[in-house]
file start-v8.txt (compact mmCIF, C-alpha atoms)
# COMPACT_ATOMS: atom_id res chain seq x y z
CA MET A 1 11.09 4.86 10.81
CA GLN A 2 10.74 1.11 11.41
CA GLU A 3 13.74 -0.68 12.88
CA ALA A 4 14.12 -2.95 9.83
CA THR A 5 14.21 0.09 7.53
CA PHE A 6 16.76 1.81 9.76
CA LEU A 7 18.97 -1.28 9.77
CA ILE A 8 18.74 -1.73 5.99
CA LEU A 9 19.75 1.90 5.42
CA THR A 10 22.55 1.50 7.98
CA SER A 11 23.87 -1.58 6.19
CA LEU A 12 24.16 0.50 3.01
CA ALA A 13 25.77 3.52 4.69
CA GLU A 14 29.35 2.42 4.19
CA SER A 15 29.20 0.79 0.77
CA SER A 16 26.79 -0.79 -1.69
CA GLN A 17 25.55 -4.30 -0.90
CA HIS A 18 23.52 -7.06 -2.55
CA GLY A 19 20.44 -8.62 -0.95
CA TYR A 20 22.20 -11.54 0.73
CA GLY A 21 24.89 -9.16 2.03
CA ILE A 22 22.24 -6.87 3.54
CA ILE A 23 20.58 -9.80 5.35
CA ASN A 24 23.90 -10.84 6.89
CA ASP A 25 24.92 -7.29 7.69
CA VAL A 26 21.60 -6.45 9.39
CA ALA A 27 21.97 -9.59 11.54
CA GLU A 28 25.48 -8.48 12.50
CA ILE A 29 24.54 -4.84 13.21
CA SER A 30 21.65 -5.92 15.43
CA GLY A 31 23.72 -8.51 17.24
CA GLY A 32 21.68 -11.34 15.69
CA ARG A 33 18.41 -9.90 17.02
CA VAL A 34 16.97 -8.95 13.61
CA ARG A 35 17.05 -11.63 10.94
CA LEU A 36 15.50 -10.28 7.76
CA ARG A 37 13.74 -12.69 5.46
CA ALA A 38 14.01 -12.26 1.71
CA GLY A 39 10.34 -11.32 1.26
CA THR A 40 10.52 -8.59 3.90
CA LEU A 41 13.85 -7.30 2.59
CA TYR A 42 12.75 -6.94 -1.03
CA THR A 43 9.42 -5.37 -0.09
CA ALA A 44 11.35 -2.81 1.97
CA LEU A 45 13.91 -2.24 -0.80
CA ASP A 46 11.13 -1.70 -3.33
CA ARG A 47 9.54 0.92 -1.06
CA LEU A 48 12.90 2.60 -0.38
CA ARG A 49 13.65 2.76 -4.11
CA MET A 50 10.23 4.20 -4.78
CA ASP A 51 10.83 6.88 -2.13
CA GLY A 52 14.19 7.71 -3.69
CA LEU A 53 16.21 6.67 -0.62
CA VAL A 54 17.97 3.69 -2.20
CA GLU A 55 19.08 3.03 -5.77
CA VAL A 56 20.72 0.25 -7.74
CA ASP A 57 24.48 0.71 -7.89
CA ARG A 58 25.34 -2.13 -10.28
CA GLU A 59 24.33 -5.60 -11.38
CA GLU A 60 26.34 -8.72 -11.95
CA VAL A 61 25.65 -12.37 -12.70
CA VAL A 62 27.19 -14.87 -10.29
CA GLU A 63 26.83 -18.60 -11.05
CA GLY A 64 24.06 -17.80 -13.51
CA ARG A 65 22.07 -15.79 -10.95
CA LEU A 66 21.44 -12.05 -10.99
CA ARG A 67 23.04 -10.09 -8.18
CA ARG A 68 22.01 -6.48 -7.74
CA TYR A 69 23.94 -4.07 -5.54
CA TYR A 70 22.06 -1.32 -3.74
CA GLN A 71 23.35 1.98 -2.40
CA LEU A 72 21.98 4.98 -0.53
CA THR A 73 20.96 8.04 -2.51
CA PRO A 74 21.85 11.50 -1.11
CA SER A 75 18.25 11.69 0.24
CA GLY A 76 18.70 8.27 1.89
CA THR A 77 21.97 9.33 3.51
CA LYS A 78 20.36 12.52 4.79
CA LEU A 79 17.36 10.69 6.20
CA LEU A 80 19.51 8.03 7.88
CA ALA A 81 21.73 10.71 9.45
CA ALA A 82 18.68 12.58 10.78
CA GLU A 83 17.13 9.37 12.17
CA ALA A 84 20.43 8.29 13.77
CA ALA A 85 20.77 11.73 15.40
CA ARG A 86 17.22 11.52 16.70
CA LEU A 87 17.73 8.04 18.16
CA HIS A 88 21.08 9.09 19.63
CA ALA A 89 19.52 12.12 21.32
CA ASN A 90 16.73 9.97 22.77
CA ALA A 91 19.18 7.31 23.98
CA THR A 92 21.44 9.97 25.54
CA ALA A 93 18.50 11.48 27.41
CA ALA A 94 17.42 8.04 28.66
CA MET A 95 20.95 7.19 29.83
CA ARG A 96 21.32 10.55 31.59
CA ARG A 97 18.17 9.91 33.59
CA LEU A 98 18.94 6.28 34.34
CA ASN A 99 22.53 6.89 35.48
CA PRO A 100 21.67 8.47 38.85
CA LEU A 101 19.49 5.46 39.63
CA GLY A 102 22.45 3.18 39.06
CA VAL A 103 20.47 1.18 36.49
CA VAL A 104 23.02 1.77 33.75
CA THR A 105 26.60 0.68 34.26
CA MET B 1 14.23 -34.13 -9.56
CA ASN B 2 17.07 -33.00 -7.28
CA SER B 3 16.44 -31.07 -4.06
CA SER B 4 17.66 -27.74 -5.49
CA ALA B 5 15.27 -27.85 -8.47
CA SER B 6 12.39 -28.87 -6.21
CA LEU B 7 13.16 -26.03 -3.78
CA GLU B 8 13.45 -23.52 -6.63
CA ARG B 9 10.07 -24.59 -7.97
CA GLY B 10 8.55 -24.17 -4.51
CA TYR B 11 9.99 -20.66 -4.17
CA ARG B 12 8.76 -19.69 -7.63
CA ARG B 13 5.26 -20.78 -6.68
CA LEU B 14 5.41 -18.57 -3.59
CA LEU B 15 6.83 -15.61 -5.53
CA ALA B 16 3.67 -15.71 -7.65
CA PHE B 17 2.00 -13.85 -4.76
CA TYR B 18 3.96 -10.74 -5.80
CA PRO B 19 2.68 -8.41 -8.55
CA ARG B 20 3.77 -9.47 -12.03
CA ALA B 21 5.69 -6.24 -12.74
CA PHE B 22 7.70 -6.68 -9.53
CA ARG B 23 8.41 -10.32 -10.33
CA ARG B 24 9.60 -9.46 -13.81
CA GLU B 25 12.26 -7.19 -12.36
CA ASN B 26 13.17 -8.97 -9.13
CA GLU B 27 12.23 -12.67 -9.21
CA GLU B 28 15.63 -14.03 -10.24
CA GLU B 29 17.41 -11.86 -7.70
CA ILE B 30 15.12 -12.82 -4.79
CA LEU B 31 15.36 -16.45 -5.84
CA ALA B 32 19.16 -16.26 -5.65
CA VAL B 33 18.92 -14.89 -2.10
CA LEU B 34 16.34 -17.49 -1.07
CA LEU B 35 18.49 -20.32 -2.40
CA ALA B 36 21.59 -18.84 -0.76
CA THR B 37 19.87 -18.75 2.64
CA ALA B 38 18.36 -22.27 2.31
CA HIS B 39 19.72 -25.22 4.26
CA ARG B 40 21.78 -27.85 2.53
CA ASP B 41 19.56 -30.54 0.95
CA GLN B 42 16.44 -28.51 1.69
CA ARG B 43 13.68 -29.70 -0.64
CA ARG B 44 10.80 -27.42 0.25
CA PRO B 45 10.43 -23.80 1.42
CA GLY B 46 10.16 -23.55 5.21
CA VAL B 47 6.95 -22.42 6.90
CA ALA B 48 8.36 -19.08 8.11
CA ILE B 49 9.86 -18.19 4.71
CA SER B 50 6.64 -19.21 2.95
CA ALA B 51 4.54 -17.08 5.30
CA ASP B 52 6.92 -14.15 4.80
CA LEU B 53 6.76 -14.41 0.99
CA ILE B 54 2.96 -14.72 0.96
CA ARG B 55 2.53 -11.81 3.40
CA SER B 56 5.03 -9.58 1.58
CA GLY B 57 3.59 -10.42 -1.84
CA LEU B 58 0.03 -9.65 -0.80
CA LEU B 59 1.15 -6.50 1.00
CA MET B 60 2.85 -5.30 -2.15
CA ARG B 61 -0.27 -5.95 -4.20
CA LEU B 62 -2.43 -3.96 -1.78
CA ARG B 63 -0.25 -1.05 -0.78
CA PRO B 64 -0.29 2.24 -2.66
CA THR B 65 2.61 2.63 -5.04
CA VAL B 66 2.79 6.36 -4.49
CA PRO B 67 6.06 7.68 -3.03
CA HIS B 68 6.02 9.50 0.33
CA SER B 69 6.99 12.72 -1.46
CA ALA B 70 3.61 12.81 -3.24
CA ARG B 71 1.68 13.26 0.00
CA THR B 72 -1.53 14.61 -1.52
CA VAL B 73 -1.80 11.71 -3.98
CA ARG B 74 -1.11 9.17 -1.21
CA ALA B 75 -3.83 10.73 0.92
CA ALA B 76 -6.23 10.76 -2.06
CA VAL B 77 -5.62 7.06 -2.76
CA THR B 78 -6.27 6.23 0.91
CA LEU B 79 -9.48 8.28 0.81
CA ILE B 80 -10.71 6.48 -2.33
CA TYR B 81 -10.09 3.12 -0.63
CA LEU B 82 -12.00 4.43 2.40
CA ALA B 83 -14.80 5.55 0.08
CA ALA B 84 -14.99 1.97 -1.29
CA LEU B 85 -15.22 0.70 2.29
CA ALA B 86 -17.91 3.28 3.08
CA GLU B 87 -19.77 2.23 -0.09
CA LEU B 88 -19.73 -1.35 1.18
CA ALA B 89 -21.19 -0.11 4.48
CA ALA B 90 -23.81 1.81 2.46
CA VAL B 91 -24.84 -1.31 0.52
CA ILE B 92 -25.12 -3.32 3.76
CA THR B 93 -27.20 -0.51 5.31
CA ILE B 94 -29.50 -0.34 2.27
CA VAL B 95 -30.11 -4.10 2.35
CA ALA B 96 -30.54 -4.17 6.15
CA THR B 97 -33.00 -1.25 6.27
CA SER B 98 -34.93 -1.84 3.02
CA THR B 99 -37.93 -3.48 4.72
CA ALA B 100 -38.23 -0.63 7.23
CA VAL B 101 -37.81 2.02 4.53
CA LEU B 102 -40.47 0.42 2.30
CA ALA B 103 -42.84 0.11 5.26
CA TYR B 104 -42.32 3.80 6.06
CA VAL B 105 -43.02 4.86 2.45
CA HIS B 106 -46.06 2.58 2.29
CA ARG B 107 -47.39 4.17 5.48
CA THR B 108 -46.72 7.81 4.62
CA ALA B 109 -47.01 7.90 0.82
CA PRO B 110 -48.49 4.66 -0.53
CA ALA B 111 -48.49 5.99 -4.08
CA ASP B 112 -44.67 6.18 -4.01
CA SER B 113 -44.15 2.59 -2.79
CA HIS B 114 -43.37 1.22 -6.23
CA LEU B 115 -40.93 4.07 -6.91
CA ALA B 116 -39.18 3.52 -3.54
CA ALA B 117 -38.79 -0.20 -4.24
CA LEU B 118 -37.31 0.58 -7.64
CA SER B 119 -34.95 3.13 -6.10
CA LEU B 120 -33.74 0.64 -3.48
CA THR B 121 -33.17 -2.07 -6.10
CA LYS B 122 -31.23 0.43 -8.20
CA ASP B 123 -29.04 1.29 -5.18
CA GLU B 124 -28.48 -2.39 -4.35
CA ILE B 125 -27.23 -2.99 -7.89
CA ALA B 126 -25.27 0.27 -8.24
CA GLY B 127 -23.52 -0.14 -4.85
CA PRO B 128 -21.33 -3.16 -5.68
CA ILE B 129 -20.55 -1.66 -9.11
CA GLY B 130 -19.50 1.54 -7.32
CA ILE B 131 -17.20 -0.43 -4.99
CA VAL B 132 -15.46 -2.12 -7.92
CA LEU B 133 -15.10 1.22 -9.74
CA LEU B 134 -13.68 2.93 -6.64
CA LEU B 135 -11.11 0.15 -6.13
CA TRP B 136 -10.11 0.35 -9.78
CA LEU B 137 -9.84 4.15 -9.64
CA ALA B 138 -7.78 4.02 -6.42
CA TRP B 139 -5.40 1.67 -8.23
CA ALA B 140 -5.23 3.86 -11.35
CA VAL B 141 -4.92 7.19 -9.49
CA GLY B 142 -2.01 5.73 -7.48
CA ARG B 143 -0.22 4.64 -10.65
CA ARG B 144 0.04 8.14 -12.06
CA HIS B 145 -2.55 7.63 -14.80
CA ASP B 146 -3.68 11.16 -15.57
CA TRP B 147 -6.89 9.89 -17.19
CA ALA B 148 -7.86 8.33 -13.85
CA ARG B 149 -8.17 11.81 -12.34
CA VAL B 150 -10.63 12.79 -15.07
CA VAL B 151 -12.62 9.55 -14.72
CA PHE B 152 -12.69 10.03 -10.95
CA ILE B 153 -14.11 13.54 -11.14
CA ILE B 154 -16.78 12.29 -13.59
CA PHE B 155 -17.56 9.48 -11.11
CA TRP B 156 -17.82 12.05 -8.32
CA GLY B 157 -20.14 14.16 -10.52
CA ILE B 158 -22.46 11.15 -10.94
CA SER B 159 -22.36 10.62 -7.15
CA THR B 160 -23.31 14.28 -6.69
CA LEU B 161 -26.32 13.88 -9.00
CA SER B 162 -27.29 10.74 -7.10
CA ILE B 163 -27.15 12.62 -3.77
CA ILE B 164 -29.27 15.48 -5.22
CA ALA B 165 -31.80 12.91 -6.50
CA ALA B 166 -31.91 11.24 -3.06
CA LEU B 167 -32.50 14.63 -1.44
CA SER B 168 -35.35 15.40 -3.82
CA GLU B 169 -36.92 11.98 -3.08
CA GLY B 170 -36.88 12.76 0.66
CA ALA B 171 -34.27 10.11 1.48
CA PRO B 172 -32.99 11.97 4.61
CA VAL B 173 -36.42 11.36 6.21
CA ALA B 174 -37.47 8.05 4.65
CA ALA B 175 -34.05 6.35 4.80
CA PRO B 176 -31.79 8.39 7.12
CA ALA B 177 -29.19 5.62 7.60
CA ASP B 178 -28.91 5.00 3.85
CA PHE B 179 -28.62 8.72 3.18
CA ALA B 180 -25.98 9.21 5.92
CA THR B 181 -23.72 6.45 4.55
CA GLY B 182 -24.26 7.78 1.02
CA MET B 183 -23.21 11.24 2.19
CA LEU B 184 -20.11 9.77 3.84
CA VAL B 185 -19.11 8.14 0.53
CA TRP B 186 -19.71 11.42 -1.29
CA LEU B 187 -17.67 13.47 1.22
CA LEU B 188 -14.73 11.03 1.02
CA GLN B 189 -14.84 11.28 -2.78
CA LEU B 190 -15.00 15.09 -2.58
CA ALA B 191 -11.91 15.18 -0.36
CA ALA B 192 -10.11 12.84 -2.80
CA VAL B 193 -11.07 15.09 -5.75
CA VAL B 194 -9.66 18.14 -3.95
CA LEU B 195 -6.41 16.29 -3.21
CA ILE B 196 -5.79 14.78 -6.66
CA PHE B 197 -6.38 18.14 -8.32
CA ALA B 198 -4.32 20.07 -5.75
CA LYS B 199 -1.30 21.95 -7.07
CA GLN B 200 1.03 19.61 -5.16
CA SER B 201 -0.35 16.57 -7.02
CA ALA B 202 0.31 17.96 -10.50
CA PRO B 203 4.04 16.99 -10.71
CA TYR B 204 3.18 13.37 -9.87
CA TYR B 205 1.07 13.10 -13.02
CA ARG B 206 3.29 15.32 -15.17
CA HIS B 207 6.20 12.92 -14.71
CA GLY B 208 4.25 10.09 -16.32
CA SER B 209 6.09 6.82 -15.80
CA GLU B 210 9.46 8.25 -14.81
CA PRO B 211 11.13 6.73 -11.77
CA ALA B 212 9.90 8.05 -8.43
CA GLU B 213 13.42 9.09 -7.46
CA ARG B 214 13.23 12.03 -9.86
CA LEU B 215 10.28 13.41 -7.91
CA THR B 216 12.12 13.37 -4.63
CA ALA B 217 15.39 14.72 -5.99
call {"tool": "encode", "arguments": {"input": "start-v8.txt", "output": "structure tokens"}}
result
Amino acid sequence: MQEATFLILTSLAESSQHGYGIINDVAEISGGRVRLRAGTLYTALDRLRMDGLVEVDREEVVEGRLRRYYQLTPSGTKLLAAEAARLHANATAAMRRLNPLGVVT
Amino acid sequence: MNSSASLERGYRRLLAFYPRAFRRENEEEILAVLLATAHRDQRRPGVAISADLIRSGLLMRLRPTVPHSARTVRAAVTLIYLAALAELAAVITIVATSTAVLAYVHRTAPADSHLAALSLTKDEIAGPIGIVLLLWLAWAVGRRHDWARVVFIIFWGISTLSIIAALSEGAPVAAPADFATGMLVWLLQLAAVVLIFAKQSAPYYRHGSEPAERLTA
């Protein structure tokens, strides 16, 4: 799974979000390292919807503009949990091996 | 015209790179996000945003629209695109080797020279048509059009007849490179036929235009 996809799914893990909210949340989760652009975000969301990992929760109109809220589907939640567990296991293994070298504090 | 209207017009122009169906559903929403992330008094889309919209729009036009769950159909669509690429290689090979092939036929069977020239011209015309048809079929097969599967197998049947005709004309000896690329196209098509008619592909076409989520549920 690409990092941007992982971060988008993570931003939807707690509650549904609209596009602008996802962009801000992804920036926050990644410590400002990943700044999604609208084109990239909506291409990813379209693919995630097509794969049944994300769905539209609700729509509203704010200041005359459409705002669509996205949420994880049960498949999306399951996939994110599996990917997070995989990354966690890899990171734990890396830390365990780096610790004796004194590289990690 | 104020800066907001000018910026909106600029974004709309860039969003035209996306497929029409996607724009119909998402343009207003993306526009709202683009305007929300723009700087105050910004009049034109920035270079990075423009590049991102153009890249994403083109990517969306080119990528298969088949969900990951329909693995066999995804693989078939990729193979049909590869067959189109191989067909392009075949056309280039035919054009590049035509002089040598005609010289060989003239040397070994002068009576067949006219027939060989006709056959090469036919292939040079049929090749580009084949490429266009393959691209169109890849598009249609990926968009769950059941008729596209039938058209594709008919297309593959015609390719099979063409390969048999080439074999009977001695193409493997007279034009080995042309025949090899033709065989590659045929094999890619055969693999695609097997995949789109596999049992696992059937639900993708049975669901017609229902949302992809249902397939993965």
call {"tool": "interface_residues", "arguments": {"input": "start-v8.txt", "of": "chain A", "to": "chain B", "cutoff": "8 Å", "atoms": "only C-alpha atoms", "output": "ChimeraX atom specification"}}
result
/A:19-20,37-40,42-43,47,49-53,65-68,75
call {"tool": "residues_around", "arguments": {"input": "start-v8.txt", "residues": "Arg44 in chain B", "least_positions_apart": "2", "cutoff": "7 Å", "atoms": "only C-alpha atoms", "output": "PyMOL selection string"}}
result
chain B and resi 6-7+10+42+46
call {"tool": "atom_distance", "arguments": {"input": "start-v8.txt", "atom1": "CA of Leu12 in chain A", "atom2": "CA of Ala75 in chain B"}}
result
29.9 Å
call {"tool": "atom_distance", "arguments": {"input": "start-v8.txt", "atom1": "CA of Asp46 in chain A", "atom2": "CA of Arg58 in chain A"}}
result
15.8 Å
call {"tool": "closest_residue", "arguments": {"input": "start-v8.txt", "among": "B:Ala174, B:Leu184, B:Ala38, B:Ile154", "to": "Leu82 in chain B", "atoms": "all atoms listed in the file"}}
result
B:Leu184
call {"tool": "atom_distance", "arguments": {"input": "start-v8.txt", "atom1": "CA of Ala13 in chain A", "atom2": "CA of Leu79 in chain A"}}
result
11.2 Å
call {"tool": "closest_residue", "arguments": {"input": "start-v8.txt", "among": "A:Thr5, A:Thr77, A:Asn90, A:Gln17", "to": "Leu48 in chain A", "atoms": "all atoms listed in the file"}}
result
A:Thr5
call {"tool": "residues_around", "arguments": {"input": "start-v8.txt", "residues": "Ala180 in chain B", "least_positions_apart": "6", "cutoff": "12 Å", "atoms": "only C-alpha atoms", "output": "ChimeraX atom specification"}}
result
/B:86-87,89-91,93-94,163,166-167,171-174,186-187
call {"tool": "residues_around", "arguments": {"input": "start-v8.txt", "residues": "range 96-113 of chain B", "least_positions_apart": "6", "cutoff": "9 Å", "atoms": "only C-alpha atoms", "output": "MDAnalysis selection string"}}
result
chainID B and resid 120 174:175 177:178
call {"tool": "write_last_selection", "arguments": {"input": "start-v8.txt", "atoms": "C-alpha atoms", "output": "PDB file, keeping the file's coordinate frame"}}
result
ATOM      1  CA  LEU B 120     -33.740   0.640  -3.480  1.00  0.00           C
ATOM      2  CA  ALA B 174     -37.470   8.050   4.650  1.00  0.00           C
ATOM      3  CA  ALA B 175     -34.050   6.350   4.800  1.00  0.00           C
ATOM      4  CA  ALA B 177     -29.190   5.620   7.600  1.00  0.00           C
ATOM      5  CA  ASP B 178     -28.910   5.000   3.850  1.00  0.00           C
TER       6      ASP B 178
END
call {"tool": "residues_around", "arguments": {"input": "start-v8.txt", "residues": "Leu188 in chain B", "least_positions_apart": "3", "cutoff": "9 Å", "atoms": "all atoms listed in the file", "output": "PyMOL selection string"}}
result
chain B and resi 79-80+82-83+86+183-185+191-193
